[in-house]
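**Q** Got a structure for you, written out below as structure tokens; questions coming shortly.
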Amino acid sequence: MKQFSNYIHTRDNEQIYFATNFEHDQTEHTDVIVFNYGLVCSNFHWSKQLDYFDQLGYKILIHDYRGHYKSTGIDHLENITFENIAKDLKELFDSLNITSSYLVGHSMGVNTSLEFTKRYPELVKKMILISGTIIPVHNIMFNTNLTDQVSPKLTGLLKMFPKQFNAFWKSGGWNPLIRKMVHSGGFNLKTVSPEFIEIYLNKLGQLGPELFFQLIEQMNQHDILSFVNKIKCPTLIIGGDNDKVIPNYLQKLTLKELSNSELYVVRNGSHVPQVDFPDMVNERMTFFLEH
């Protein structure tokens, strides 16, 4: 995908990085696919989708949330909230003169997409929500309540041993044990290469653990369930039937609460079905967008 990249300055003086497959002029842009990645992930998770939809002729927008990669904001951790991320995206829309969109969110990107749609429904034509949850993650990640128990302990270790904790965090891509755990826990072992996992962990290592804990807390506090029934735009919900991170029954809960939605379950799909089976998922996404 040919990329035209730039930054916008937000209302609170942060810089948000973005890239499109179209030039940044004063033309009105409609039906733009906007990709929202997951918790301490990156646009690398969309690598199997970007060229595909670009070749089909769709306009595409990718961006880095505040505090992530090429965007600023990590020095103001308390401002990295779904409310501010949604407002940043709205400023991006205004800057690029985007008047309608298709939002595609994965994992935490589901929270981002829903928050944006709640605030600016007139700008969202359709949504595709992959492997997300509309209830707090501390009760359901890995089908246990371990997140609620483990996060405070890890946060305590980070405060006590910041240098050591950060060094361990950054080394994940080089640690074969961590690579193996992440590969088997979040991806389909037969379809996703170890090289993909290594690149993913190296990118994750660029983001500090403080950001991870901030966003986990945001996911716990995000009041999605109380407003999803007000969202009326057509929505495709996608989940892997072997998702160990966000169990698949949560996609059925989202289906029940979103009045104008449909569910696509990917057989043998993990938490990242768009990486496990990109051809299958891309075709289903295309069918949804074009019908």
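Every chain in the structure tokens takes a letter, A first, then B, and so on in the order presented; its residues are numbered from 1, and the ligands are numbered from 1 following the presented order.
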I want to know what sits within 12 Å of Trp46 of chain A, based on only C-alpha atoms, with residues of the same chain fewer than 4 positions away left out; could you give that as a PyMOL selection string?

**A** chain A and resi 1+33-38+41-42+50-53+60-63+104-106+109+130+196+200+272-276+278+281-282

**Q** With a distance cut-off of 12 Å and only C-alpha atoms, select the neighbouring residues of Arg179 of chain A, excluding the residue or stretch itself and same-chain residues fewer than 4 positions from it, and output the selection as a ChimeraX atom specification.

**A** /A:171-175,183-187,189,193-202,204

**Q** Store the residues picked out above, limited to C-alpha atoms, as a PDB file, in the first residue's frame.

**A**
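Listing of result-v1.pdb after writing:
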```
ATOM      1  CA  SER A 171      13.433  -8.289  25.704  1.00  0.00           C
ATOM      2  CA  GLY A 172      10.294 -10.284  24.868  1.00  0.00           C
ATOM      3  CA  GLY A 173      11.068 -10.572  21.172  1.00  0.00           C
ATOM      4  CA  TRP A 174      14.445 -12.100  21.940  1.00  0.00           C
ATOM      5  CA  ASN A 175      13.226 -14.538  24.577  1.00  0.00           C
ATOM      6  CA  HIS A 183       2.433 -17.816  19.982  1.00  0.00           C
ATOM      7  CA  SER A 184       0.460 -20.630  21.610  1.00  0.00           C
ATOM      8  CA  GLY A 185      -1.685 -18.325  23.745  1.00  0.00           C
ATOM      9  CA  GLY A 186      -2.836 -15.795  21.192  1.00  0.00           C
ATOM     10  CA  PHE A 187      -2.320 -17.171  17.671  1.00  0.00           C
ATOM     11  CA  LEU A 189       0.321 -22.197  15.722  1.00  0.00           C
ATOM     12  CA  SER A 193       4.872 -17.994  11.655  1.00  0.00           C
ATOM     13  CA  PRO A 194       7.331 -17.580  14.570  1.00  0.00           C
ATOM     14  CA  GLU A 195       8.783 -14.630  12.630  1.00  0.00           C
ATOM     15  CA  PHE A 196       5.457 -12.806  12.897  1.00  0.00           C
ATOM     16  CA  ILE A 197       5.485 -13.318  16.678  1.00  0.00           C
ATOM     17  CA  GLU A 198       9.039 -12.022  16.975  1.00  0.00           C
ATOM     18  CA  ILE A 199       8.216  -8.857  15.028  1.00  0.00           C
ATOM     19  CA  TYR A 200       5.069  -8.361  17.115  1.00  0.00           C
ATOM     20  CA  LEU A 201       6.956  -8.700  20.415  1.00  0.00           C
ATOM     21  CA  ASN A 202       9.731  -6.384  19.266  1.00  0.00           C
ATOM     22  CA  LEU A 204       5.401  -4.314  21.753  1.00  0.00           C
TER      23      LEU A 204
END
```

**Q** Could you give me, as JSON, numbers by chain, each residue of segment 33-282 of chain A that DSSP assigns to alpha helix (DSSP H) when run on this structure's backbone?

**A** {"A": [47, 48, 49, 50, 51, 52, 53, 54, 55, 82, 83, 84, 85, 86, 87, 88, 89, 90, 91, 92, 93, 94, 95, 96, 108, 109, 110, 111, 112, 113, 114, 115, 116, 117, 118, 119, 146, 147, 148, 149, 150, 151, 152, 153, 154, 155, 156, 157, 158, 159, 160, 162, 163, 164, 165, 166, 167, 168, 169, 170, 176, 177, 178, 179, 180, 181, 182, 183, 184, 185, 186, 194, 195, 196, 197, 198, 199, 200, 201, 202, 203, 204, 205, 209, 210, 211, 212, 213, 214, 215, 216, 217, 218, 219, 220, 221, 249, 250, 251, 252, 253, 254, 255, 256, 257, 273, 274, 275, 276, 278, 279, 280, 281, 282]}

**Q** Select, from A:Glu257, A:Glu83, A:Asp64, A:Asp12, the residue with the minimum atom-to-atom distance to Asn43 of chain A, counting only C-alpha atoms.

**A** A:Asp64

**Q** Determine, counting only C-alpha atoms, which protein, DNA and RNA residues have an atom within 12 Å of an atom of segment 215-225 of chain A; residues of the same chain fewer than 6 positions away are not included. Present the result as a ChimeraX atom specification.

**A** /A:38-41,65-68,74,77-85,107-118,132-141,145,147-148,150-152,155,207-209,231,250,253-258

**Q** With only C-alpha atoms as the basis for distance, which of A:Pro234, A:Gly73, A:Gly205, A:Gly239 is at the shortest distance from Ile16 of chain A?

**A**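 Using only C-alpha atoms, the shortest distance to Ile16 of chain A belongs to A:Gly73.
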